[in-house]
$ cat input_23.pdb   # PDB, C-alpha atoms, pLDDT in the B column
ATOM      1  CA  VAL F   1     -40.817  50.269 -36.976  1.00 30.00           C
ATOM      2  CA  ASN F   2     -43.722  48.650 -35.154  1.00 27.00           C
ATOM      3  CA  THR F   3     -46.200  50.975 -33.460  1.00 34.00           C
ATOM      4  CA  SER F   4     -49.820  51.026 -32.402  1.00 30.00           C
ATOM      5  CA  HIS F   5     -50.721  54.511 -33.634  1.00 28.00           C
ATOM      6  CA  SER F   6     -48.120  55.525 -36.203  1.00 29.00           C
ATOM      7  CA  ALA F   7     -45.968  53.905 -38.846  1.00 25.00           C
ATOM      8  CA  MET F   8     -43.113  54.729 -41.164  1.00 26.00           C
ATOM      9  CA  SER F   9     -40.576  52.839 -43.207  1.00 24.00           C
ATOM     10  CA  THR F  10     -37.046  52.738 -41.864  1.00 28.00           C
ATOM     11  CA  LEU F  11     -34.902  55.655 -43.007  1.00 31.00           C
ATOM     12  CA  TRP F  12     -31.769  54.682 -41.137  1.00 37.00           C
ATOM     13  CA  LYS F  13     -29.478  51.758 -41.607  1.00 37.00           C
ATOM     14  CA  PRO F  14     -28.505  49.695 -38.529  1.00 41.00           C
ATOM     15  CA  VAL F  15     -25.234  50.482 -36.829  1.00 43.00           C
ATOM     16  CA  PRO F  16     -22.407  48.683 -38.636  1.00 44.00           C
ATOM     17  CA  ASN F  17     -20.436  46.027 -36.821  1.00 44.00           C
ATOM     18  CA  SER F  18     -17.054  47.720 -36.871  1.00 44.00           C
ATOM     19  CA  GLU F  19     -14.342  48.860 -34.513  1.00 44.00           C
ATOM     20  CA  ASP F  20     -15.778  52.377 -34.691  1.00 46.00           C
ATOM     21  CA  ASP F  21     -19.188  51.591 -33.241  1.00 44.00           C
ATOM     22  CA  GLN F  22     -17.788  50.906 -29.731  1.00 43.00           C
ATOM     23  CA  GLY F  23     -20.183  48.016 -29.313  1.00 40.00           C
ATOM     24  CA  ARG F  24     -23.245  50.235 -29.214  1.00 42.00           C
ATOM     25  CA  ASN F  25     -26.565  48.661 -30.047  1.00 41.00           C
ATOM     26  CA  TYR F  26     -28.752  51.380 -31.568  1.00 41.00           C
ATOM     27  CA  THR F  27     -32.269  50.035 -31.938  1.00 43.00           C
ATOM     28  CA  ARG F  28     -35.624  51.071 -33.348  1.00 44.00           C
ATOM     29  CA  LEU F  29     -38.479  51.454 -30.917  1.00 46.00           C
ATOM     30  CA  ALA F  30     -42.142  52.398 -30.961  1.00 40.00           C
ATOM     31  CA  ALA F  31     -44.741  52.142 -28.222  1.00 46.00           C
ATOM     32  CA  MET F  32     -48.285  53.284 -27.482  1.00 48.00           C
ATOM     33  CA  GLY F  33     -48.429  56.159 -29.936  1.00 50.00           C
ATOM     34  CA  ALA F  34     -44.997  57.615 -29.241  1.00 58.00           C
ATOM     35  CA  ALA F  35     -42.144  56.341 -31.379  1.00 59.00           C
ATOM     36  CA  MET F  36     -38.404  56.862 -31.360  1.00 63.00           C
ATOM     37  CA  LEU F  37     -35.732  55.748 -33.783  1.00 59.00           C
ATOM     38  CA  ALA F  38     -31.959  55.689 -33.498  1.00 58.00           C
ATOM     39  CA  GLY F  39     -29.401  54.890 -36.134  1.00 56.00           C
ATOM     40  CA  TYR F  40     -26.576  56.094 -38.320  1.00 54.00           C
ATOM     41  CA  LYS F  41     -27.590  58.168 -41.310  1.00 57.00           C
ATOM     42  CA  TYR F  42     -25.634  57.042 -44.323  1.00 57.00           C
ATOM     43  CA  LEU F  43     -24.757  58.401 -47.736  1.00 59.00           C
ATOM     44  CA  ASP F  44     -23.589  55.108 -49.192  1.00 61.00           C
ATOM     45  CA  GLU F  45     -22.243  51.774 -48.005  1.00 60.00           C
ATOM     46  CA  ASN F  46     -18.901  53.271 -47.010  1.00 64.00           C
ATOM     47  CA  THR F  47     -19.871  56.732 -45.770  1.00 62.00           C
ATOM     48  CA  TRP F  48     -21.427  56.976 -42.298  1.00 59.00           C
ATOM     49  CA  LEU F  49     -22.491  60.152 -40.563  1.00 63.00           C
ATOM     50  CA  GLU F  50     -22.999  60.882 -36.887  1.00 68.00           C
ATOM     51  CA  PRO F  51     -25.720  58.977 -34.977  1.00 74.00           C
ATOM     52  CA  GLN F  52     -28.955  60.850 -34.346  1.00 78.00           C
ATOM     53  CA  VAL F  53     -32.029  60.172 -32.204  1.00 84.00           C
ATOM     54  CA  PHE F  54     -35.436  60.964 -33.672  1.00 83.00           C
ATOM     55  CA  ALA F  55     -38.955  60.967 -32.266  1.00 87.00           C
ATOM     56  CA  PHE F  56     -42.401  61.065 -33.824  1.00 86.00           C
ATOM     57  CA  GLY F  57     -46.033  60.295 -32.994  1.00 86.00           C
ATOM     58  CA  SER F  58     -48.158  61.385 -30.045  1.00 87.00           C
ATOM     59  CA  GLY F  59     -46.499  64.156 -28.057  1.00 91.00           C
ATOM     60  CA  GLN F  60     -49.169  65.974 -26.070  1.00 91.00           C
ATOM     61  CA  PHE F  61     -47.441  65.183 -22.763  1.00 93.00           C
ATOM     62  CA  GLY F  62     -43.912  65.944 -23.928  1.00 94.00           C
ATOM     63  CA  GLN F  63     -43.091  62.249 -24.331  1.00 92.00           C
ATOM     64  CA  LEU F  64     -41.249  62.837 -27.605  1.00 91.00           C
ATOM     65  CA  GLY F  65     -38.549  64.819 -25.822  1.00 93.00           C
ATOM     66  CA  THR F  66     -38.283  67.495 -28.504  1.00 93.00           C
ATOM     67  CA  GLY F  67     -39.231  70.366 -26.194  1.00 94.00           C
ATOM     68  CA  GLY F  68     -42.847  70.676 -27.321  1.00 93.00           C
ATOM     69  CA  GLU F  69     -46.178  69.112 -26.394  1.00 94.00           C
ATOM     70  CA  SER F  70     -47.719  68.409 -29.765  1.00 92.00           C
ATOM     71  CA  ASP F  71     -47.939  65.442 -32.116  1.00 91.00           C
ATOM     72  CA  LEU F  72     -45.270  65.042 -34.778  1.00 89.00           C
ATOM     73  CA  ALA F  73     -46.127  63.306 -38.034  1.00 87.00           C
ATOM     74  CA  MET F  74     -42.523  63.285 -39.226  1.00 86.00           C
ATOM     75  CA  PRO F  75     -39.372  62.262 -37.323  1.00 84.00           C
ATOM     76  CA  HIS F  76     -37.828  65.142 -35.411  1.00 87.00           C
ATOM     77  CA  PRO F  77     -34.392  65.088 -33.744  1.00 87.00           C
ATOM     78  CA  ILE F  78     -34.167  65.171 -29.959  1.00 90.00           C
ATOM     79  CA  ALA F  79     -31.763  68.078 -29.684  1.00 88.00           C
ATOM     80  CA  GLU F  80     -31.426  68.131 -25.886  1.00 90.00           C
ATOM     81  CA  ILE F  81     -29.497  64.856 -25.733  1.00 89.00           C
ATOM     82  CA  ASP F  82     -26.099  63.965 -27.166  1.00 89.00           C
ATOM     83  CA  PRO F  83     -26.857  61.032 -29.518  1.00 85.00           C
ATOM     84  CA  GLN F  84     -23.319  59.768 -29.044  1.00 84.00           C
ATOM     85  CA  LYS F  85     -24.244  58.891 -25.463  1.00 90.00           C
ATOM     86  CA  VAL F  86     -27.479  57.016 -26.191  1.00 88.00           C
ATOM     87  CA  ILE F  87     -27.317  53.256 -25.572  1.00 88.00           C
ATOM     88  CA  SER F  88     -30.985  52.260 -25.713  1.00 87.00           C
ATOM     89  CA  MET F  89     -34.490  53.661 -25.349  1.00 86.00           C
ATOM     90  CA  ASN F  90     -37.982  52.683 -24.253  1.00 89.00           C
ATOM     91  CA  ALA F  91     -41.419  54.309 -24.317  1.00 89.00           C
ATOM     92  CA  SER F  92     -44.971  53.668 -23.203  1.00 87.00           C
ATOM     93  CA  GLY F  93     -47.970  55.907 -23.777  1.00 83.00           C
ATOM     94  CA  ARG F  94     -47.250  59.193 -22.047  1.00 91.00           C
ATOM     95  CA  VAL F  95     -43.641  58.605 -20.964  1.00 93.00           C
ATOM     96  CA  SER F  96     -40.292  57.771 -22.529  1.00 93.00           C
ATOM     97  CA  ALA F  97     -36.783  56.961 -21.306  1.00 94.00           C
ATOM     98  CA  LEU F  98     -33.274  57.021 -22.722  1.00 93.00           C
ATOM     99  CA  LEU F  99     -30.418  54.986 -21.292  1.00 94.00           C
ATOM    100  CA  CYS F 100     -27.204  56.926 -21.862  1.00 94.00           C
ATOM    101  CA  ASP F 101     -23.547  56.601 -20.953  1.00 94.00           C
ATOM    102  CA  ASP F 102     -24.016  59.008 -18.073  1.00 96.00           C
ATOM    103  CA  GLY F 103     -27.371  57.812 -16.715  1.00 97.00           C
ATOM    104  CA  VAL F 104     -31.103  57.427 -17.294  1.00 97.00           C
ATOM    105  CA  TYR F 105     -33.098  60.289 -18.799  1.00 97.00           C
ATOM    106  CA  THR F 106     -36.911  60.371 -18.665  1.00 96.00           C
ATOM    107  CA  PHE F 107     -39.537  62.694 -20.135  1.00 95.00           C
ATOM    108  CA  GLY F 108     -43.278  63.005 -20.668  1.00 94.00           C
ATOM    109  CA  GLN F 109     -46.118  63.238 -18.171  1.00 93.00           C
ATOM    110  CA  ALA F 110     -44.772  63.558 -14.638  1.00 91.00           C
ATOM    111  CA  LYS F 111     -47.929  62.312 -12.890  1.00 90.00           C
ATOM    112  CA  ASP F 112     -47.565  59.858  -9.971  1.00 91.00           C
ATOM    113  CA  GLY F 113     -43.783  60.020  -9.926  1.00 92.00           C
ATOM    114  CA  VAL F 114     -43.414  57.951 -13.083  1.00 95.00           C
ATOM    115  CA  LEU F 115     -40.412  59.972 -14.304  1.00 96.00           C
ATOM    116  CA  GLY F 116     -38.407  59.346 -11.129  1.00 95.00           C
ATOM    117  CA  HIS F 117     -37.886  63.032 -10.313  1.00 92.00           C
ATOM    118  CA  PRO F 118     -38.671  64.671  -6.939  1.00 87.00           C
ATOM    119  CA  SER F 119     -42.242  65.994  -6.982  1.00 77.00           C
ATOM    120  CA  SER F 120     -41.369  69.456  -5.681  1.00 71.00           C
ATOM    121  CA  GLY F 121     -40.891  71.889  -8.525  1.00 65.00           C
ATOM    122  CA  VAL F 122     -41.575  69.336 -11.275  1.00 67.00           C
ATOM    123  CA  PRO F 123     -44.051  70.607 -13.901  1.00 71.00           C
ATOM    124  CA  GLN F 124     -46.998  68.531 -15.049  1.00 87.00           C
ATOM    125  CA  ASN F 125     -45.146  67.588 -18.228  1.00 93.00           C
ATOM    126  CA  VAL F 126     -41.398  67.298 -18.818  1.00 94.00           C
ATOM    127  CA  PRO F 127     -40.846  67.765 -22.584  1.00 95.00           C
ATOM    128  CA  ILE F 128     -37.062  67.288 -22.681  1.00 95.00           C
ATOM    129  CA  PRO F 129     -34.900  64.370 -21.474  1.00 95.00           C
ATOM    130  CA  THR F 130     -34.117  64.943 -17.792  1.00 96.00           C
ATOM    131  CA  LEU F 131     -31.602  62.960 -15.733  1.00 97.00           C
ATOM    132  CA  VAL F 132     -32.945  60.640 -13.009  1.00 97.00           C
ATOM    133  CA  GLU F 133     -30.510  61.782 -10.343  1.00 96.00           C
ATOM    134  CA  GLU F 134     -31.386  59.020  -7.884  1.00 96.00           C
ATOM    135  CA  LEU F 135     -29.799  56.479 -10.259  1.00 97.00           C
ATOM    136  CA  PHE F 136     -26.687  58.503 -11.046  1.00 95.00           C
ATOM    137  CA  ASP F 137     -24.387  56.293  -8.950  1.00 96.00           C
ATOM    138  CA  GLU F 138     -25.803  53.064 -10.391  1.00 97.00           C
ATOM    139  CA  LYS F 139     -24.508  51.338 -13.512  1.00 97.00           C
ATOM    140  CA  ILE F 140     -27.804  50.867 -15.358  1.00 98.00           C
ATOM    141  CA  VAL F 141     -27.903  48.451 -18.301  1.00 97.00           C
ATOM    142  CA  ARG F 142     -31.645  48.409 -19.082  1.00 96.00           C
ATOM    143  CA  VAL F 143     -34.627  50.691 -18.522  1.00 96.00           C
ATOM    144  CA  LYS F 144     -38.276  49.817 -19.171  1.00 95.00           C
ATOM    145  CA  CYS F 145     -41.411  51.987 -19.201  1.00 94.00           C
ATOM    146  CA  GLY F 146     -44.927  51.068 -18.145  1.00 92.00           C
ATOM    147  CA  GLU F 147     -48.096  53.124 -18.335  1.00 87.00           C
ATOM    148  CA  GLY F 148     -47.555  54.571 -14.850  1.00 93.00           C
ATOM    149  CA  HIS F 149     -44.258  53.160 -13.598  1.00 96.00           C
ATOM    150  CA  MET F 150     -40.725  52.361 -14.737  1.00 97.00           C
ATOM    151  CA  ALA F 151     -37.990  49.859 -13.987  1.00 98.00           C
ATOM    152  CA  ALA F 152     -34.213  49.883 -14.343  1.00 98.00           C
ATOM    153  CA  ILE F 153     -31.726  47.023 -14.085  1.00 98.00           C
ATOM    154  CA  THR F 154     -28.156  47.461 -12.892  1.00 98.00           C
ATOM    155  CA  GLU F 155     -25.019  45.733 -14.079  1.00 97.00           C
ATOM    156  CA  LYS F 156     -25.115  43.715 -10.846  1.00 97.00           C
ATOM    157  CA  GLY F 157     -28.605  42.438 -11.606  1.00 98.00           C
ATOM    158  CA  GLU F 158     -30.425  44.666  -9.138  1.00 98.00           C
ATOM    159  CA  LEU F 159     -33.893  45.953 -10.034  1.00 98.00           C
ATOM    160  CA  PHE F 160     -35.090  49.490  -9.286  1.00 98.00           C
ATOM    161  CA  THR F 161     -38.695  50.625  -9.781  1.00 98.00           C
ATOM    162  CA  TRP F 162     -40.615  53.872  -9.330  1.00 97.00           C
ATOM    163  CA  GLY F 163     -43.942  55.536 -10.143  1.00 95.00           C
ATOM    164  CA  LYS F 164     -47.525  54.470  -9.534  1.00 93.00           C
ATOM    165  CA  ASN F 165     -47.949  51.669  -6.992  1.00 93.00           C
ATOM    166  CA  PHE F 166     -51.707  51.279  -6.569  1.00 91.00           C
ATOM    167  CA  TYR F 167     -51.540  47.505  -7.081  1.00 91.00           C
ATOM    168  CA  GLY F 168     -48.107  46.844  -5.634  1.00 92.00           C
ATOM    169  CA  GLN F 169     -46.483  46.870  -9.081  1.00 95.00           C
ATOM    170  CA  LEU F 170     -43.311  48.468  -7.721  1.00 96.00           C
ATOM    171  CA  GLY F 171     -42.608  45.504  -5.449  1.00 95.00           C
ATOM    172  CA  HIS F 172     -41.140  47.684  -2.711  1.00 91.00           C
ATOM    173  CA  ALA F 173     -40.731  46.254   0.767  1.00 74.00           C
ATOM    174  CA  PRO F 174     -42.938  47.719   3.548  1.00 69.00           C
ATOM    175  CA  LYS F 175     -41.788  50.940   5.102  1.00 65.00           C
ATOM    176  CA  GLU F 176     -40.754  50.921   8.749  1.00 56.00           C
ATOM    177  CA  GLY F 177     -43.780  50.476  10.981  1.00 47.00           C
ATOM    178  CA  LYS F 178     -45.919  48.889   8.256  1.00 50.00           C
ATOM    179  CA  VAL F 179     -46.856  45.230   8.200  1.00 46.00           C
ATOM    180  CA  SER F 180     -47.414  45.093   4.437  1.00 49.00           C
ATOM    181  CA  GLY F 181     -47.739  47.329   1.449  1.00 49.00           C
ATOM    182  CA  SER F 182     -45.791  50.436   0.598  1.00 53.00           C
ATOM    183  CA  SER F 183     -46.962  53.882  -0.454  1.00 69.00           C
ATOM    184  CA  ARG F 184     -49.261  54.262  -3.452  1.00 82.00           C
ATOM    185  CA  ILE F 185     -46.677  56.453  -5.156  1.00 85.00           C
ATOM    186  CA  GLY F 186     -42.934  55.827  -5.344  1.00 89.00           C
ATOM    187  CA  GLU F 187     -41.618  59.021  -6.906  1.00 88.00           C
ATOM    188  CA  LEU F 188     -37.949  58.055  -6.591  1.00 94.00           C
ATOM    189  CA  PRO F 189     -36.271  54.813  -7.712  1.00 97.00           C
ATOM    190  CA  GLU F 190     -36.062  52.158  -5.015  1.00 96.00           C
ATOM    191  CA  LYS F 191     -34.444  48.735  -5.119  1.00 96.00           C
ATOM    192  CA  VAL F 192     -36.736  45.692  -5.197  1.00 96.00           C
ATOM    193  CA  THR F 193     -35.447  43.338  -2.513  1.00 94.00           C
ATOM    194  CA  LYS F 194     -38.227  41.193  -1.080  1.00 94.00           C
ATOM    195  CA  GLY F 195     -38.927  38.161  -3.258  1.00 94.00           C
ATOM    196  CA  LEU F 196     -35.737  38.464  -5.298  1.00 96.00           C
ATOM    197  CA  GLU F 197     -33.229  37.484  -2.623  1.00 96.00           C
ATOM    198  CA  GLY F 198     -30.153  35.921  -4.210  1.00 96.00           C
ATOM    199  CA  LYS F 199     -31.447  36.565  -7.733  1.00 97.00           C
ATOM    200  CA  LYS F 200     -29.744  38.428 -10.571  1.00 97.00           C
ATOM    201  CA  VAL F 201     -32.282  40.184 -12.795  1.00 98.00           C
ATOM    202  CA  ILE F 202     -31.368  40.366 -16.496  1.00 97.00           C
ATOM    203  CA  ASP F 203     -34.589  41.670 -18.048  1.00 97.00           C
ATOM    204  CA  ALA F 204     -37.928  43.191 -17.048  1.00 97.00           C
ATOM    205  CA  ALA F 205     -41.175  44.523 -18.477  1.00 95.00           C
ATOM    206  CA  CYS F 206     -43.778  46.939 -17.121  1.00 95.00           C
ATOM    207  CA  SER F 207     -47.447  46.924 -18.095  1.00 90.00           C
ATOM    208  CA  TYR F 208     -50.351  49.021 -16.814  1.00 88.00           C
ATOM    209  CA  HIS F 209     -50.429  47.687 -13.260  1.00 92.00           C
ATOM    210  CA  THR F 210     -48.005  44.759 -13.375  1.00 94.00           C
ATOM    211  CA  THR F 211     -44.280  44.087 -13.526  1.00 96.00           C
ATOM    212  CA  ILE F 212     -42.436  40.954 -14.627  1.00 96.00           C
ATOM    213  CA  CYS F 213     -38.749  40.121 -14.563  1.00 96.00           C
ATOM    214  CA  LEU F 214     -36.436  37.416 -15.865  1.00 97.00           C
ATOM    215  CA  CYS F 215     -33.531  36.231 -13.748  1.00 96.00           C
ATOM    216  CA  GLU F 216     -30.180  34.875 -14.839  1.00 96.00           C
ATOM    217  CA  ASP F 217     -31.082  31.365 -13.662  1.00 95.00           C
ATOM    218  CA  GLY F 218     -34.074  31.293 -16.032  1.00 95.00           C
ATOM    219  CA  THR F 219     -36.767  31.905 -13.407  1.00 94.00           C
ATOM    220  CA  VAL F 220     -39.580  34.411 -14.026  1.00 95.00           C
ATOM    221  CA  TYR F 221     -41.218  36.579 -11.355  1.00 94.00           C
ATOM    222  CA  SER F 222     -44.325  38.761 -11.569  1.00 94.00           C
ATOM    223  CA  TRP F 223     -46.188  41.145  -9.257  1.00 95.00           C
ATOM    224  CA  GLY F 224     -48.891  43.800  -9.190  1.00 93.00           C
ATOM    225  CA  GLU F 225     -52.499  43.478 -10.330  1.00 91.00           C
ATOM    226  CA  ASN F 226     -53.663  39.951 -11.184  1.00 87.00           C
ATOM    227  CA  LYS F 227     -56.786  40.749 -13.189  1.00 83.00           C
ATOM    228  CA  SER F 228     -57.362  38.073 -15.849  1.00 79.00           C
ATOM    229  CA  ALA F 229     -54.510  36.061 -14.299  1.00 81.00           C
ATOM    230  CA  THR F 230     -51.890  38.432 -15.704  1.00 81.00           C
ATOM    231  CA  LEU F 231     -49.425  37.300 -13.017  1.00 86.00           C
ATOM    232  CA  GLY F 232     -49.615  33.684 -14.142  1.00 83.00           C
ATOM    233  CA  ARG F 233     -51.673  32.585 -11.141  1.00 78.00           C
ATOM    234  CA  GLU F 234     -55.241  31.297 -11.033  1.00 74.00           C
ATOM    235  CA  ASP F 235     -56.310  33.376  -8.038  1.00 77.00           C
ATOM    236  CA  CYS F 236     -57.256  37.011  -8.578  1.00 74.00           C
ATOM    237  CA  ARG F 237     -55.282  38.429  -5.690  1.00 82.00           C
ATOM    238  CA  LYS F 238     -52.725  41.118  -6.365  1.00 87.00           C
ATOM    239  CA  SER F 239     -49.130  40.568  -5.338  1.00 88.00           C
ATOM    240  CA  GLU F 240     -47.115  43.359  -3.767  1.00 91.00           C
ATOM    241  CA  TYR F 241     -43.819  41.516  -4.162  1.00 93.00           C
ATOM    242  CA  PRO F 242     -42.142  39.391  -6.849  1.00 95.00           C
ATOM    243  CA  THR F 243     -43.582  35.875  -6.925  1.00 92.00           C
ATOM    244  CA  GLN F 244     -42.316  33.104  -9.169  1.00 92.00           C
ATOM    245  CA  VAL F 245     -44.637  32.368 -12.088  1.00 91.00           C
ATOM    246  CA  LEU F 246     -46.273  28.976 -11.562  1.00 82.00           C
ATOM    247  CA  GLY F 247     -45.883  26.422 -14.297  1.00 82.00           C
ATOM    248  CA  LEU F 248     -42.415  27.646 -15.260  1.00 84.00           C
ATOM    249  CA  GLU F 249     -40.508  26.254 -12.278  1.00 78.00           C
ATOM    250  CA  ASN F 250     -38.976  23.467 -14.343  1.00 78.00           C
ATOM    251  CA  GLU F 251     -38.255  25.651 -17.368  1.00 82.00           C
ATOM    252  CA  LYS F 252     -35.201  27.805 -18.046  1.00 84.00           C
ATOM    253  CA  ILE F 253     -36.611  30.882 -19.753  1.00 87.00           C
ATOM    254  CA  VAL F 254     -34.245  32.860 -21.946  1.00 83.00           C
TER
END

$ encode --input "input_23.pdb" --output "structure tokens"
Amino acid sequence: VNTSHSAMSTLWKPVPNSEDDQGRNYTRLAAMGAAMLAGYKYLDENTWLEPQVFAFGSGQFGQLGTGGESDLAMPHPIAEIDPQKVISMNASGRVSALLCDDGVYTFGQAKDGVLGHPSSGVPQNVPIPTLVEELFDEKIVRVKCGEGHMAAITEKGELFTWGKNFYGQLGHAPKEGKVSGSSRIGELPEKVTKGLEGKKVIDAACSYHTTICLCEDGTVYSWGENKSATLGREDCRKSEYPTQVLGLENEKIV
């Protein structure tokens, strides 16, 4: 387990490659002080128990998903989610996300719409995994967390983003009547269209104020804040929409 604020040796063996694992890829993950671990607990080489999802580390915003808002020094099971449904997970600072068979679940600090839930009636912190209803009809294959925004990729290669948008890191097209720029907060997932026309997104990453994605054809796009040339451009201007990273036009990134 790799983590910036906590560490532990692995207690769980990777999922075996067998006909019983249904092709699931349970992975270990740690990020920004909150860590989660998934795997099959085993008694010996031939005896496998049910999969379980554990969390540990910083939890003051509910980002561990265990129902509380305190730090956990030892791994604790996330009881509110069926571990059989978990496909993958991601976390960043004050928020976490689980990709499950039946949708995307997010938890942690609900500030600036980062969890993808309607603002009305949502508490300051959401300490248990809660379904992102706006994505229920989408077949999501990946979900990524940033400090203040998230991204999800569909089976078709479409990219959805939501959360804080102060620097254009969501990449949303202008609303009707606007020449450029969208709202500073995107509390519900919205498809990124402008700049990715004809592209199939296969991976993405979210940082503090930037987003980057990899397309099936090997091209890389970035947008958001460009401080210290984080978008791969020499100018310091932010980009509100996906722009191809210069210098990689002739490379096929995998």

$ residues_around --input "input_23.pdb" --residues "Val126 (chain F)" --least-positions-apart "6" --cutoff "8 Å" --atoms "only C-alpha atoms" --output "VMD selection string"
chain F and resid 61 to 63 65 107 to 110

$ resolve_selection --input "input_23.pdb" --expression "the PyMOL selection byres ((chain F and resi 147-153) around 6)" --output "ChimeraX atom specification"
/F:92,114,140-146,154,158-164,208

$ closest_residue --input "input_23.pdb" --among "F:Ala204, F:Leu99, F:Val220, F:Leu188" --to "Asp82 (chain F)" --atoms "only C-alpha atoms"
F:Leu99

$ closest_residue --input "input_23.pdb" --among "F:Ser222, F:Asn165, F:Ser120, F:Ser228" --to "Val245 (chain F)" --atoms "all atoms listed in the file"
F:Ser222

$ atom_distance --input "input_23.pdb" --atom1 "CA of Gln52 (chain F)" --atom2 "CA of Leu64 (chain F)"
14.2 Å

$ residues_near_point --input "input_23.pdb" --point "(-42.4, 48.6, -3.6)" --cutoff "10 Å" --atoms "only C-alpha atoms" --output "JSON, numbers by chain"
{"F": [160, 161, 162, 163, 164, 165, 167, 168, 169, 170, 171, 172, 173, 174, 175, 181, 182, 183, 184, 185, 186, 189, 190, 191, 192, 193, 194, 224, 240, 241, 242]}

$ axis_aligned_box --input "input_23.pdb" --around "region 236-242 of chain F" --padding-each-side "4 Å" --output "AutoDock Vina command-line options"
--center_x -49.7 --center_y 40.2 --center_z -6.2 --size_x 23.1 --size_y 14.3 --size_z 12.8

$ closest_residue --input "input_23.pdb" --among "F:Gly218, F:Lys139, F:Glu69, F:Ala79" --to "Asn250 (chain F)" --atoms "only C-alpha atoms"
F:Gly218

$ closest_residue --input "input_23.pdb" --among "F:Cys215, F:Ala91, F:Leu135, F:Ile128" --to "Gly67 (chain F)" --atoms "all atoms listed in the file"
F:Ile128

$ residues_around --input "input_23.pdb" --residues "Arg237 (chain F)" --least-positions-apart "4" --cutoff "9 Å" --atoms "all atoms listed in the file" --output "PyMOL selection string"
chain F and resi 225-227+229+233

$ closest_residue --input "input_23.pdb" --among "F:Val201, F:Cys236, F:Leu115, F:Leu248" --to "Leu98 (chain F)" --atoms "all atoms listed in the file"
F:Leu115

$ residues_around --input "input_23.pdb" --residues "Glu133 (chain F)" --least-positions-apart "3" --cutoff "12 Å" --atoms "only C-alpha atoms" --output "CSV table (one decimal) with C-alpha atoms, in the frame of the given file"
chain,number,residue,atom,x,y,z
F,102,ASP,CA,-24.0,59.0,-18.1
F,103,GLY,CA,-27.4,57.8,-16.7
F,104,VAL,CA,-31.1,57.4,-17.3
F,105,TYR,CA,-33.1,60.3,-18.8
F,106,THR,CA,-36.9,60.4,-18.7
F,115,LEU,CA,-40.4,60.0,-14.3
F,116,GLY,CA,-38.4,59.3,-11.1
F,117,HIS,CA,-37.9,63.0,-10.3
F,118,PRO,CA,-38.7,64.7,-6.9
F,130,THR,CA,-34.1,64.9,-17.8
F,136,PHE,CA,-26.7,58.5,-11.0
F,137,ASP,CA,-24.4,56.3,-9.0
F,138,GLU,CA,-25.8,53.1,-10.4
F,187,GLU,CA,-41.6,59.0,-6.9
F,188,LEU,CA,-37.9,58.1,-6.6
F,189,PRO,CA,-36.3,54.8,-7.7

$ resolve_selection --input "input_23.pdb" --expression "the PyMOL selection byres ((chain F and resi 74) around 9)" --output "PyMOL selection string"
chain F and resi 8+55-57+72-73+75-76

$ atom_distance --input "input_23.pdb" --atom1 "CA of Gln124 (chain F)" --atom2 "CA of Gly59 (chain F)"
13.7 Å

$ atom_distance --input "input_23.pdb" --atom1 "CA of Glu216 (chain F)" --atom2 "CA of Gly247 (chain F)"
17.8 Å

$ resolve_selection --input "input_23.pdb" --expression "the PyMOL selection byres ((chain F and resi 83) around 8)" --output "MDAnalysis selection string"
chainID F and resid 51:53 81:82 84:86

$ closest_residue --input "input_23.pdb" --among "F:Cys206, F:Ile78, F:Leu131, F:Ile253" --to "Gly93 (chain F)" --atoms "all atoms listed in the file"
F:Cys206
